[in-house]
file structure13.pdb (PDB, C-alpha atoms)
ATOM      1  CA  MET E   1      -8.283 -16.637  -6.899
ATOM      2  CA  ILE E   2      -4.904 -14.895  -6.736
ATOM      3  CA  GLU E   3      -2.368 -14.861  -9.554
ATOM      4  CA  ILE E   4       0.982 -13.200 -10.221
ATOM      5  CA  LYS E   5       0.968 -11.208 -13.458
ATOM      6  CA  ASP E   6       3.780  -8.827 -14.430
ATOM      7  CA  ASP E   7       5.043  -8.661 -10.840
ATOM      8  CA  ALA E   8       1.595  -7.744  -9.523
ATOM      9  CA  LEU E   9      -0.928  -9.686  -7.457
ATOM     10  CA  VAL E  10      -4.247 -10.045  -9.268
ATOM     11  CA  PHE E  11      -7.230 -10.815  -7.041
ATOM     12  CA  ALA E  12     -10.078 -12.132  -9.203
ATOM     13  CA  PHE E  13     -13.647 -13.036  -8.154
ATOM     14  CA  PRO E  14     -15.304 -14.444 -11.325
ATOM     15  CA  GLU E  15     -18.051 -16.023  -9.216
ATOM     16  CA  VAL E  16     -19.112 -12.505  -8.183
ATOM     17  CA  HIS E  17     -18.591 -10.643 -11.465
ATOM     18  CA  PRO E  18     -16.455 -11.453 -14.553
ATOM     19  CA  GLU E  19     -14.673  -8.102 -14.245
ATOM     20  CA  ALA E  20     -14.174  -8.170 -10.478
ATOM     21  CA  LYS E  21     -10.380  -7.954 -10.627
ATOM     22  CA  LEU E  22      -7.985  -5.945  -8.485
ATOM     23  CA  ARG E  23      -4.255  -5.534  -9.140
ATOM     24  CA  ILE E  24      -1.892  -4.770  -6.291
ATOM     25  CA  ASP E  25       1.759  -4.099  -6.986
ATOM     26  CA  PHE E  26       4.545  -3.168  -4.639
ATOM     27  CA  GLN E  27       6.478  -0.088  -5.684
ATOM     28  CA  ARG E  28      10.078   0.690  -4.868
ATOM     29  CA  THR E  29      10.456   4.274  -3.730
ATOM     30  CA  LEU E  30      12.619   6.825  -1.979
ATOM     31  CA  ARG E  31      12.926   6.466   1.752
ATOM     32  CA  ILE E  32      11.924   9.914   2.961
ATOM     33  CA  PRO E  33      13.969  11.454   5.785
ATOM     34  CA  ASP E  34      12.874  10.399   9.258
ATOM     35  CA  ASP E  35      13.346  13.889  10.706
ATOM     36  CA  GLY E  36       9.918  14.897  12.037
ATOM     37  CA  LYS E  37       8.984  16.888   8.918
ATOM     38  CA  ASP E  38       5.922  16.074   6.772
ATOM     39  CA  TYR E  39       6.982  15.186   3.235
ATOM     40  CA  PRO E  40       4.908  14.929   0.042
ATOM     41  CA  LEU E  41       4.516  11.648  -1.840
ATOM     42  CA  PRO E  42       7.776  10.270  -3.255
ATOM     43  CA  PRO E  43       7.769   8.662  -6.708
ATOM     44  CA  GLY E  44       7.430   5.027  -7.650
ATOM     45  CA  LEU E  45      10.739   3.618  -8.903
ATOM     46  CA  GLY E  46       9.316   0.472 -10.464
ATOM     47  CA  ARG E  47       7.754  -2.693  -9.100
ATOM     48  CA  PHE E  48       9.464  -5.061  -6.724
ATOM     49  CA  PRO E  49       9.789  -8.513  -8.279
ATOM     50  CA  ILE E  50       7.508 -11.058  -6.614
ATOM     51  CA  LYS E  51       7.604 -14.845  -6.712
ATOM     52  CA  ASP E  52       5.414 -17.674  -5.450
ATOM     53  CA  VAL E  53       6.973 -19.252  -2.348
ATOM     54  CA  ASP E  54       5.789 -22.700  -3.523
ATOM     55  CA  ASP E  55       8.078 -22.405  -6.544
ATOM     56  CA  HIS E  56      11.045 -22.281  -4.152
ATOM     57  CA  ALA E  57       9.827 -24.785  -1.576
ATOM     58  CA  LYS E  58      13.256 -26.354  -1.016
ATOM     59  CA  ALA E  59      14.952 -23.057  -0.218
ATOM     60  CA  VAL E  60      12.483 -20.933   1.760
ATOM     61  CA  PRO E  61      11.952 -21.186   5.547
ATOM     62  CA  LYS E  62       9.384 -23.790   6.580
ATOM     63  CA  ASP E  63       6.993 -21.248   8.078
ATOM     64  CA  TRP E  64       6.851 -19.448   4.714
ATOM     65  CA  LEU E  65       5.466 -22.629   3.182
ATOM     66  CA  GLU E  66       2.893 -22.835   5.969
ATOM     67  CA  HIS E  67       1.723 -19.280   5.259
ATOM     68  CA  GLY E  68       1.877 -19.713   1.481
ATOM     69  CA  GLY E  69       1.656 -16.554  -0.605
ATOM     70  CA  VAL E  70       4.474 -14.730  -2.328
ATOM     71  CA  MET E  71       7.813 -13.118  -1.525
ATOM     72  CA  LEU E  72       9.678  -9.986  -2.560
ATOM     73  CA  PRO E  73      13.192  -8.671  -1.796
ATOM     74  CA  MET E  74      14.028  -5.538   0.189
ATOM     75  CA  TYR E  75      17.254  -4.031   1.420
ATOM     76  CA  GLN E  76      17.449  -3.059   5.077
ATOM     77  CA  SER E  77      15.979   0.448   5.544
ATOM     78  CA  GLU E  78      14.428   0.377   2.047
ATOM     79  CA  ALA E  79      10.877   1.713   1.618
ATOM     80  CA  LEU E  80       7.874   0.579  -0.425
ATOM     81  CA  TRP E  81       4.288   1.550  -1.214
ATOM     82  CA  LEU E  82       1.280  -0.451  -2.384
ATOM     83  CA  ASN E  83      -0.511   0.506  -5.599
ATOM     84  CA  PHE E  84      -4.196  -0.458  -5.998
ATOM     85  CA  ASN E  85      -5.571  -0.605  -9.509
ATOM     86  CA  SER E  86      -8.633  -1.975 -11.290
ATOM     87  CA  LYS E  87      -9.827  -1.277 -14.826
ATOM     88  CA  PRO E  88     -13.108   0.530 -15.562
ATOM     89  CA  ILE E  89     -15.879  -1.804 -16.725
ATOM     90  CA  GLN E  90     -17.379  -1.109 -20.140
ATOM     91  CA  GLY E  91     -20.869   0.363 -19.794
ATOM     92  CA  HIS E  92     -20.619   1.058 -16.073
ATOM     93  CA  ARG E  93     -19.614   4.241 -14.333
ATOM     94  CA  THR E  94     -16.661   2.800 -12.461
ATOM     95  CA  SER E  95     -14.258  -0.056 -11.976
ATOM     96  CA  TYR E  96     -15.390  -2.851  -9.674
ATOM     97  CA  PRO E  97     -15.062  -1.743  -6.007
ATOM     98  CA  PHE E  98     -13.127  -3.702  -3.383
ATOM     99  CA  ALA E  99     -12.513  -3.419   0.346
ATOM    100  CA  ILE E 100      -8.821  -3.933   1.099
ATOM    101  CA  LYS E 101      -7.230  -4.715   4.455
ATOM    102  CA  VAL E 102      -3.455  -4.415   4.809
ATOM    103  CA  ALA E 103      -1.441  -5.483   7.831
ATOM    104  CA  ALA E 104       2.289  -5.620   8.526
ATOM    105  CA  GLY E 105       3.303  -8.351  10.925
ATOM    106  CA  LYS E 106      -0.443  -8.846  11.479
ATOM    107  CA  ILE E 107      -0.789  -5.257  12.757
ATOM    108  CA  ASN E 108      -3.457  -3.431  10.781
ATOM    109  CA  ALA E 109      -1.836  -0.509   8.943
ATOM    110  CA  VAL E 110      -5.002   1.631   9.140
ATOM    111  CA  SER E 111      -6.355   0.980  12.649
ATOM    112  CA  GLY E 112      -3.365  -0.467  14.522
ATOM    113  CA  GLY E 113      -5.483  -3.421  15.624
ATOM    114  CA  SER E 114      -4.623  -7.112  15.488
ATOM    115  CA  TRP E 115      -5.320  -9.137  12.366
ATOM    116  CA  THR E 116      -8.844 -10.393  11.733
ATOM    117  CA  ASP E 117     -10.549 -11.747   8.625
ATOM    118  CA  ARG E 118     -13.559  -9.451   9.032
ATOM    119  CA  LEU E 119     -14.175  -5.826   8.109
ATOM    120  CA  HIS E 120     -14.771  -3.346  10.921
ATOM    121  CA  ARG E 121     -16.216   0.148  10.752
ATOM    122  CA  ASN E 122     -15.599   1.623  14.225
ATOM    123  CA  PRO E 123     -12.782   2.223  13.743
ATOM    124  CA  GLN E 124     -12.558   1.513  10.026
ATOM    125  CA  ASP E 125      -9.726  -0.961   9.422
ATOM    126  CA  TYR E 126      -9.726  -1.162   5.621
ATOM    127  CA  MET E 127      -9.581   0.929   2.458
ATOM    128  CA  VAL E 128     -11.775   1.072  -0.647
ATOM    129  CA  SER E 129     -10.315   0.747  -4.133
ATOM    130  CA  GLY E 130     -11.012   3.746  -6.315
ATOM    131  CA  GLU E 131     -11.284   5.951  -3.235
ATOM    132  CA  GLN E 132      -7.796   4.863  -2.124
ATOM    133  CA  PRO E 133      -5.261   4.614  -4.976
ATOM    134  CA  TRP E 134      -2.274   3.647  -2.817
ATOM    135  CA  LEU E 135      -0.900   3.112   0.669
ATOM    136  CA  ASP E 136       2.597   4.165   1.747
ATOM    137  CA  GLY E 137       2.610   3.309   5.434
ATOM    138  CA  TYR E 138       0.939   3.336   8.837
ATOM    139  CA  CYS E 139      -1.963   5.763   9.331
ATOM    140  CA  VAL E 140      -0.816   7.681  12.422
ATOM    141  CA  GLU E 141      -2.801  10.933  12.158
ATOM    142  CA  LYS E 142      -5.471  12.483   9.973
ATOM    143  CA  GLY E 143      -3.725  13.076   6.650
ATOM    144  CA  ILE E 144      -0.382  11.656   7.839
ATOM    145  CA  ILE E 145       1.226   8.235   7.473
ATOM    146  CA  ARG E 146       4.600   6.913   8.545
ATOM    147  CA  GLN E 147       6.369   5.257   5.655
ATOM    148  CA  PHE E 148       6.818   1.470   5.445
ATOM    149  CA  VAL E 149      10.552   0.839   6.014
ATOM    150  CA  ALA E 150      12.098  -2.656   6.015
ATOM    151  CA  MET E 151      14.037  -3.695   9.117
ATOM    152  CA  PRO E 152      15.238  -7.140  10.233
ATOM    153  CA  LEU E 153      12.631  -9.011  12.217
ATOM    154  CA  GLY E 154      13.849  -9.439  15.754
ATOM    155  CA  SER E 155      15.636  -6.089  15.902
ATOM    156  CA  GLY E 156      12.731  -4.417  17.720
ATOM    157  CA  TYR E 157      11.965  -1.761  15.102
ATOM    158  CA  SER E 158       8.846  -3.169  13.431
ATOM    159  CA  ALA E 159       5.349  -2.075  14.409
ATOM    160  CA  GLU E 160       4.609  -5.703  15.215
ATOM    161  CA  GLU E 161       7.402  -5.894  17.784
ATOM    162  CA  GLN E 162       6.662  -2.493  19.299
ATOM    163  CA  ILE E 163       2.980  -3.333  19.832
ATOM    164  CA  THR E 164       3.093  -7.065  20.696
ATOM    165  CA  GLY E 165       6.647  -7.440  22.000
ATOM    166  CA  LYS E 166       7.198 -10.302  19.554
ATOM    167  CA  GLY E 167       8.413 -10.725  15.976
ATOM    168  CA  ASP E 168       6.477 -13.806  14.931
ATOM    169  CA  TRP E 169       5.109 -12.839  11.529
ATOM    170  CA  GLY E 170       6.831 -10.044   9.638
ATOM    171  CA  GLY E 171       5.921  -9.345   6.017
ATOM    172  CA  LEU E 172       2.591  -8.015   4.783
ATOM    173  CA  GLN E 173      -0.856  -9.564   5.007
ATOM    174  CA  ILE E 174      -3.519  -8.532   2.503
ATOM    175  CA  ILE E 175      -7.180  -9.505   2.286
ATOM    176  CA  VAL E 176      -9.585  -8.323  -0.416
ATOM    177  CA  TYR E 177     -13.391  -8.367  -0.441
ATOM    178  CA  PRO E 178     -15.424  -7.593  -3.590
ATOM    179  CA  MET E 179     -18.638  -5.628  -3.517
ATOM    180  CA  LYS E 180     -21.753  -7.793  -3.739
ATOM    181  CA  ASN E 181     -22.852  -8.182  -7.350
ATOM    182  CA  GLU E 182     -26.433  -7.035  -6.743
ATOM    183  CA  ILE E 183     -25.172  -3.946  -4.904
ATOM    184  CA  PHE E 184     -22.740  -3.140  -7.700
ATOM    185  CA  GLU E 185     -25.441  -3.410 -10.375
ATOM    186  CA  LYS E 186     -27.771  -1.222  -8.298
ATOM    187  CA  ARG E 187     -25.235   1.458  -7.420
ATOM    188  CA  PHE E 188     -23.557   1.534 -10.832
ATOM    189  CA  PRO E 189     -26.125   0.596 -13.486
ATOM    190  CA  ILE E 190     -25.108   0.257 -17.111
ATOM    191  CA  VAL E 191     -25.218   3.534 -19.026
ATOM    192  CA  GLU E 192     -25.184   4.153 -22.761
ATOM    193  CA  TYR E 193     -22.049   6.266 -23.011
ATOM    194  CA  VAL E 194     -18.479   5.056 -22.555
ATOM    195  CA  TYR E 195     -17.317   6.034 -19.094
ATOM    196  CA  GLU E 196     -13.900   7.526 -18.507
ATOM    197  CA  PRO E 197     -12.021   6.207 -15.439
ATOM    198  CA  ARG E 198     -12.995   7.891 -12.199
ATOM    199  CA  PHE E 199      -9.365   8.559 -11.332
ATOM    200  CA  SER E 200      -6.304   9.261 -13.367
ATOM    201  CA  LEU E 201      -3.743   9.676 -10.640
ATOM    202  CA  LYS E 202      -0.182   8.786 -11.535
ATOM    203  CA  ARG E 203       2.988   8.412  -9.492
ATOM    204  CA  TYR E 204       5.681   7.917 -12.079
ATOM    205  CA  SER E 205       6.203   5.270 -11.879
ATOM    206  CA  VAL E 206      23.521 -14.281   5.321
ATOM    207  CA  ALA E 207      21.113 -12.579   7.572
ATOM    208  CA  GLU E 208      17.747 -13.316   9.074
ATOM    209  CA  PRO E 209      15.548 -14.288   6.121
ATOM    210  CA  GLN E 210      12.424 -12.473   7.257
ATOM    211  CA  MET E 211      11.989  -8.705   7.288
ATOM    212  CA  GLY E 212       9.369  -6.653   9.100
ATOM    213  CA  LEU E 213       8.028  -3.198   8.283
ATOM    214  CA  ALA E 214       8.811  -0.394  10.686
ATOM    215  CA  PRO E 215       7.378   3.153  10.780
ATOM    216  CA  GLY E 216       9.667   5.587   8.990
ATOM    217  CA  GLY E 217       9.364   9.259   8.055
ATOM    218  CA  ARG E 218       6.145  11.262   8.087
ATOM    219  CA  MET E 219       4.302  11.642   4.791
ATOM    220  CA  ILE E 220       1.223  13.607   3.762
ATOM    221  CA  GLN E 221      -1.355  11.023   2.686
ATOM    222  CA  GLU E 222      -5.067  10.740   3.370
ATOM    223  CA  ILE E 223      -6.795   7.454   4.168
ATOM    224  CA  TYR E 224     -10.411   7.789   3.071
ATOM    225  CA  LYS E 225     -13.586   6.627   4.764
ATOM    226  CA  ASP E 226     -15.698   3.955   3.107
ATOM    227  CA  PRO E 227     -18.462   5.790   1.174
ATOM    228  CA  PHE E 228     -20.562   2.608   0.971
ATOM    229  CA  ASP E 229     -22.476   0.548   3.549
ATOM    230  CA  LEU E 230     -20.645  -2.194   5.430
ATOM    231  CA  GLY E 231     -23.234  -4.686   4.199
ATOM    232  CA  ASP E 232     -22.334  -3.883   0.573
ATOM    233  CA  TRP E 233     -19.198  -6.030   0.796
ATOM    234  CA  GLU E 234     -19.272  -9.742  -0.025
ATOM    235  CA  MET E 235     -17.753 -11.144   3.164
ATOM    236  CA  ASN E 236     -17.971 -14.778   2.035
ATOM    237  CA  GLU E 237     -15.863 -14.331  -1.107
ATOM    238  CA  LYS E 238     -12.724 -12.844   0.418
ATOM    239  CA  SER E 239      -9.256 -13.744  -0.794
ATOM    240  CA  ARG E 240      -6.055 -13.219   1.180
ATOM    241  CA  CYS E 241      -2.321 -13.363   0.588
ATOM    242  CA  PHE E 242       0.773 -13.387   2.816
ATOM    243  CA  VAL E 243       3.601 -11.310   1.325
ATOM    244  CA  HIS E 244       6.944 -12.404   2.745
ATOM    245  CA  ILE E 245       9.787  -9.884   2.670
ATOM    246  CA  ALA E 246      13.204 -11.419   2.099
ATOM    247  CA  ASN E 247      16.489  -9.785   2.985
ATOM    248  CA  SER E 248      18.217  -8.922  -0.316
ATOM    249  CA  LEU E 249      20.998 -11.467   0.303
ATOM    250  CA  VAL E 250      18.515 -14.175   1.207
ATOM    251  CA  TRP E 251      16.513 -13.427  -1.957
ATOM    252  CA  LYS E 252      19.548 -14.273  -4.093
ATOM    253  CA  ALA E 253      20.207 -17.449  -2.104
ATOM    254  CA  ILE E 254      16.598 -18.591  -2.553
ATOM    255  CA  THR E 255      15.965 -17.589  -6.167
ATOM    256  CA  GLY E 256      19.450 -17.423  -7.679
ATOM    257  CA  GLU E 257      18.574 -13.950  -8.949
ATOM    258  CA  ALA E 258      20.079 -10.647  -7.900
ATOM    259  CA  PRO E 259      17.673  -8.212  -6.199
ATOM    260  CA  PRO E 260      17.078  -4.795  -7.774
ATOM    261  CA  THR E 261      19.835  -2.256  -7.350
ATOM    262  CA  VAL E 262      19.866   0.005  -4.303
ATOM    263  CA  PRO E 263      17.362   2.862  -4.873
ATOM    264  CA  PHE E 264      18.181   6.570  -4.930
ATOM    265  CA  THR E 265      18.393   8.418  -1.663
ATOM    266  CA  ALA E 266      15.988  11.313  -1.112
ATOM    267  CA  LYS E 267      18.972  13.680  -1.241
ATOM    268  CA  GLU E 268      20.193  12.358  -4.604
ATOM    269  CA  TYR E 269      16.693  12.504  -6.067
ATOM    270  CA  THR E 270      16.016  16.041  -4.860
ATOM    271  CA  GLN E 271      19.396  17.351  -6.030
ATOM    272  CA  HIS E 272      18.303  16.592  -9.607
ATOM    273  CA  ASP E 273      15.044  18.557  -9.065
ATOM    274  CA  LEU E 274      12.922  15.504  -9.886
ATOM    275  CA  PRO E 275       9.216  15.587  -8.949
ATOM    276  CA  TRP E 276       7.459  14.722  -5.721
ATOM    277  CA  PHE E 277       3.670  14.465  -5.555
ATOM    278  CA  LYS E 278       0.722  15.806  -3.608
ATOM    279  CA  SER E 279      -2.723  14.227  -3.872
ATOM    280  CA  TYR E 280      -5.858  15.900  -2.618
ATOM    281  CA  SER E 281      -9.618  15.476  -2.692
ATOM    282  CA  ASP E 282     -12.313  17.978  -1.812
ATOM    283  CA  ASP E 283     -15.191  15.525  -1.489
ATOM    284  CA  SER E 284     -13.962  12.455   0.414
ATOM    285  CA  ALA E 285     -14.100  12.069   4.194
ATOM    286  CA  VAL E 286     -10.758  11.221   5.787
ATOM    287  CA  LEU E 287      -9.989   8.848   8.668
ATOM    288  CA  LYS E 288      -8.540  10.533  11.742
ATOM    289  CA  GLY E 289      -5.670   8.043  12.149
ATOM    290  CA  SER E 290      -4.884   5.407  14.754
ATOM    291  CA  SER E 291      -3.972   6.480  18.282
ATOM    292  CA  LYS E 292      -2.216   3.142  18.732
ATOM    293  CA  LEU E 293      -0.065   3.604  15.628
ATOM    294  CA  SER E 294       0.674   7.223  16.532
ATOM    295  CA  LYS E 295       2.499   6.025  19.650
ATOM    296  CA  LEU E 296       5.000   3.917  17.683
ATOM    297  CA  LYS E 297       8.617   5.005  17.665
ATOM    298  CA  SER E 298       9.954   5.715  14.195
ATOM    299  CA  VAL E 299      13.065   3.883  12.998
ATOM    300  CA  PHE E 300      15.206   6.928  13.768
ATOM    301  CA  ALA E 301      13.697   7.405  17.231
ATOM    302  CA  MET E 302      14.020   3.719  18.084
ATOM    303  CA  GLY E 303      17.610   3.704  16.867
ATOM    304  CA  LYS E 304      18.407   6.675  19.076
ATOM    305  CA  HIS E 305      16.794   4.875  22.016
ATOM    306  CA  LYS E 306      18.833   1.728  21.312
ATOM    307  CA  GLY E 307      22.062   3.568  20.591
ATOM    308  CA  ASP E 308      22.029   2.364  16.965
ATOM    309  CA  GLU E 309      22.229   4.177  13.632
ATOM    310  CA  PRO E 310      19.758   2.180  11.502
ATOM    311  CA  LEU E 311      19.140   4.783   8.782
ATOM    312  CA  PRO E 312      22.059   5.679   6.543
ATOM    313  CA  GLU E 313      21.774   8.957   4.599
ATOM    314  CA  ASN E 314      18.879  10.335   6.616
ATOM    315  CA  GLU E 315      19.598  14.015   5.861
ATOM    316  CA  SER E 316      16.635  16.367   5.600
ATOM    317  CA  VAL E 317      15.817  17.604   2.108
ATOM    318  CA  TYR E 318      14.064  20.704   0.813
ATOM    319  CA  VAL E 319      11.390  19.688  -1.690
ATOM    320  CA  ARG E 320      10.721  22.208  -4.472
ATOM    321  CA  ASN E 321       9.258  20.347  -7.429
ATOM    322  CA  ILE E 322       5.809  19.144  -6.280
ATOM    323  CA  ILE E 323       3.210  17.932  -8.788
ATOM    324  CA  LYS E 324      -0.410  18.082  -7.600
ATOM    325  CA  LEU E 325      -2.571  15.048  -8.371
ATOM    326  CA  ARG E 326      -6.263  15.911  -8.485
ATOM    327  CA  LYS E 327      -8.642  13.159  -7.515
ATOM    328  CA  GLY E 328     -11.562  12.652  -9.865
ATOM    329  CA  LEU E 329     -10.053  14.399 -12.911
ATOM    330  CA  LYS E 330      -8.259  13.054 -15.948
ATOM    331  CA  ASP E 331      -4.807  14.292 -16.881
ATOM    332  CA  GLY E 332      -5.255  17.741 -18.391
ATOM    333  CA  GLN E 333      -8.940  18.006 -17.451
ATOM    334  CA  VAL E 334      -9.992  21.466 -16.271
ATOM    335  CA  ARG E 335     -11.985  21.651 -13.047
ATOM    336  CA  GLU E 336     -15.120  23.782 -13.542
ATOM    337  CA  GLY E 337     -15.526  24.836  -9.897
ATOM    338  CA  ASN E 338     -18.458  26.760  -8.435
ATOM    339  CA  PHE E 339     -20.010  29.912  -9.937
TER     340      PHE E 339
END
call {"tool": "encode", "arguments": {"input": "structure13.pdb", "output": "structure tokens"}}
result
Amino acid sequence: MIEIKDDALVFAFPEVHPEAKLRIDFQRTLRIPDDGKDYPLPPGLGRFPIKDVDDHAKAVPKDWLEHGGVMLPMYQSEALWLNFNSKPIQGHRTSYPFAIKVAAGKINAVSGGSWTDRLHRNPQDYMVSGEQPWLDGYCVEKGIIRQFVAMPLGSGYSAEEQITGKGDWGGLQIIVYPMKNEIFEKRFPIVEYVYEPRFSLKRYSVAEPQMGLAPGGRMIQEIYKDPFDLGDWEMNEKSRCFVHIANSLVWKAITGEAPPTVPFTAKEYTQHDLPWFKSYSDDSAVLKGSSKLSKLKSVFAMGKHKGDEPLPENESVYVRNIIKLRKGLKDGQVREGNF
């Protein structure tokens, strides 16, 4: 079952476990410069509003109704990241684990492969909640992603169009699989003390109607390997959602509501010495990145090839204020290290 709560998608699997719930929200953020440099994590600037397409059946394109799901508004060349969150379960040592596949225009954002409803390990085409707190873009190299940037579908910029030559789908596709209940109970048995959350990472947080996601600037972000067995995931209880991305003008025409205001530029944000973020982990294996995705042209490179200027205010910035986010530690917790 999927519900919208507080502008987040909540995937719930009560038939597997009463606390098997995963929240995914879509964060507005700075579009980092597409200049070949590797930037740290930009901040979250608040959630995008999301709405059920069925609630606006008379106004949305017919194919949106066929795909179902939800919609959110984005300006052209605006960026977003996905935030994965689930609450720790009382008595257990963790929150309930999920395998999460994310595609843009039915191109897998981790492996670069075509959309399928199954999990694959070689190469891994999904992420694991808890291990992976967020996703900002396409996994192009080990420790590097290219930021999700909205561009009009049909303009040739999206990963979908670069790989398939077509712009049939656009948007985001998400599928979530819970861990099998018996595996969860075995791996994370009930303990007597109250467990603190495993992670405490924080990132402070009329045109064509459909938008696609194109590869933008380079960002330092690790995509972690699945620490569990492939057979641990409950393949028969998956739940999926199509996230349509509406041009900001189309959003107002469909919903009658104004989209959020235009976000800060990276230059404006950095001029005020506001924080960027760096997340690191010493104990998690990292995926090497997709060779297929690494061959994509970024928005800037594609624009140069086409003779266009698709990215306004794309000046490089010098980042000074970087906050380090330590995986596995609470805010303020001191790491003991090795003696």
call {"tool": "resolve_selection", "arguments": {"input": "structure13.pdb", "expression": "the PyMOL selection byres ((chain E and resi 247) around 8)", "output": "list in words"}}
result
Pro73, Met74, Tyr75, Gln76, Pro152, Ala207, Glu208, Pro209, Gln210, Met211, Ile245, Ala246, Ser248, Leu249, Val250 and Trp251 of chain E
call {"tool": "resolve_selection", "arguments": {"input": "structure13.pdb", "expression": "the PyMOL selection byres ((chain E and resi 66) around 12)", "output": "VMD selection string"}}
result
chain E and resid 53 to 54 57 60 to 65 67 to 70 169 242 244
call {"tool": "closest_residue", "arguments": {"input": "structure13.pdb", "among": "E:Ala159, E:Leu287, E:Met302, E:Leu80", "to": "Gln132 (chain E)", "atoms": "all atoms listed in the file"}}
result
E:Leu287
call {"tool": "residues_near_point", "arguments": {"input": "structure13.pdb", "point": "(0.3, 2.9, 22.5)", "cutoff": "12 Å", "atoms": "only C-alpha atoms", "output": "compact mmCIF listing (two decimals) with C-alpha atoms, in the coordinates of the input"}}
result
# COMPACT_ATOMS: atom_id res chain seq x y z
CA GLY E 112 -3.36 -0.47 14.52
CA GLY E 113 -5.48 -3.42 15.62
CA VAL E 140 -0.82 7.68 12.42
CA ALA E 159 5.35 -2.08 14.41
CA GLN E 162 6.66 -2.49 19.30
CA ILE E 163 2.98 -3.33 19.83
CA THR E 164 3.09 -7.06 20.70
CA SER E 290 -4.88 5.41 14.75
CA SER E 291 -3.97 6.48 18.28
CA LYS E 292 -2.22 3.14 18.73
CA LEU E 293 -0.06 3.60 15.63
CA SER E 294 0.67 7.22 16.53
CA LYS E 295 2.50 6.02 19.65
CA LEU E 296 5.00 3.92 17.68
CA LYS E 297 8.62 5.00 17.66
call {"tool": "residues_around", "arguments": {"input": "structure13.pdb", "residues": "region 1-8 of chain E", "least_positions_apart": "2", "cutoff": "8 Å", "atoms": "all atoms listed in the file", "output": "list of chain:residue names"}}
result
E:Val10, E:Phe11, E:Ala12, E:Phe13, E:Arg23, E:Ile24, E:Asp25, E:Phe26, E:Arg47, E:Phe48, E:Pro49, E:Ile50, E:Lys51, E:Asp52, E:Ser239, E:Cys241
call {"tool": "resolve_selection", "arguments": {"input": "structure13.pdb", "expression": "the PyMOL selection byres ((chain E and resi 316) around 7)", "output": "MDAnalysis selection string"}}
result
chainID E and resid 33 35 314:315 317:318
call {"tool": "atom_distance", "arguments": {"input": "structure13.pdb", "atom1": "CA of Lys324 (chain E)", "atom2": "CA of Gly46 (chain E)"}}
result
20.3 Å
call {"tool": "atom_distance", "arguments": {"input": "structure13.pdb", "atom1": "CA of Thr265 (chain E)", "atom2": "CA of Pro215 (chain E)"}}
result
17.4 Å
call {"tool": "residues_around", "arguments": {"input": "structure13.pdb", "residues": "Val102 (chain E)", "least_positions_apart": "6", "cutoff": "10 Å", "atoms": "only C-alpha atoms", "output": "PDB file with C-alpha atoms, in the frame of the given file"}}
result
ATOM      1  CA  LEU E  82       1.280  -0.451  -2.384  1.00  0.00           C
ATOM      2  CA  ASN E 108      -3.457  -3.431  10.781  1.00  0.00           C
ATOM      3  CA  ALA E 109      -1.836  -0.509   8.943  1.00  0.00           C
ATOM      4  CA  VAL E 110      -5.002   1.631   9.140  1.00  0.00           C
ATOM      5  CA  SER E 111      -6.355   0.980  12.649  1.00  0.00           C
ATOM      6  CA  TRP E 115      -5.320  -9.137  12.366  1.00  0.00           C
ATOM      7  CA  ASP E 125      -9.726  -0.961   9.422  1.00  0.00           C
ATOM      8  CA  TYR E 126      -9.726  -1.162   5.621  1.00  0.00           C
ATOM      9  CA  MET E 127      -9.581   0.929   2.458  1.00  0.00           C
ATOM     10  CA  LEU E 135      -0.900   3.112   0.669  1.00  0.00           C
ATOM     11  CA  GLY E 137       2.610   3.309   5.434  1.00  0.00           C
ATOM     12  CA  TYR E 138       0.939   3.336   8.837  1.00  0.00           C
ATOM     13  CA  LEU E 172       2.591  -8.015   4.783  1.00  0.00           C
ATOM     14  CA  GLN E 173      -0.856  -9.564   5.007  1.00  0.00           C
ATOM     15  CA  ILE E 174      -3.519  -8.532   2.503  1.00  0.00           C
ATOM     16  CA  ILE E 175      -7.180  -9.505   2.286  1.00  0.00           C
ATOM     17  CA  VAL E 176      -9.585  -8.323  -0.416  1.00  0.00           C
ATOM     18  CA  ARG E 240      -6.055 -13.219   1.180  1.00  0.00           C
ATOM     19  CA  CYS E 241      -2.321 -13.363   0.588  1.00  0.00           C
TER      20      CYS E 241
END
call {"tool": "residues_around", "arguments": {"input": "structure13.pdb", "residues": "Lys87 (chain E)", "least_positions_apart": "2", "cutoff": "8 Å", "atoms": "all atoms listed in the file", "output": "list in words"}}
result
Lys21, Asn85, Ile89, Ser95, Tyr96 and Pro197 of chain E
call {"tool": "residues_near_point", "arguments": {"input": "structure13.pdb", "point": "(-12.1, -9.0, 5.9)", "cutoff": "7 Å", "atoms": "only C-alpha atoms", "output": "list in words"}}
result
Lys101, Thr116, Asp117, Arg118, Leu119, Ile175, Val176, Tyr177, Met235 and Lys238 of chain E
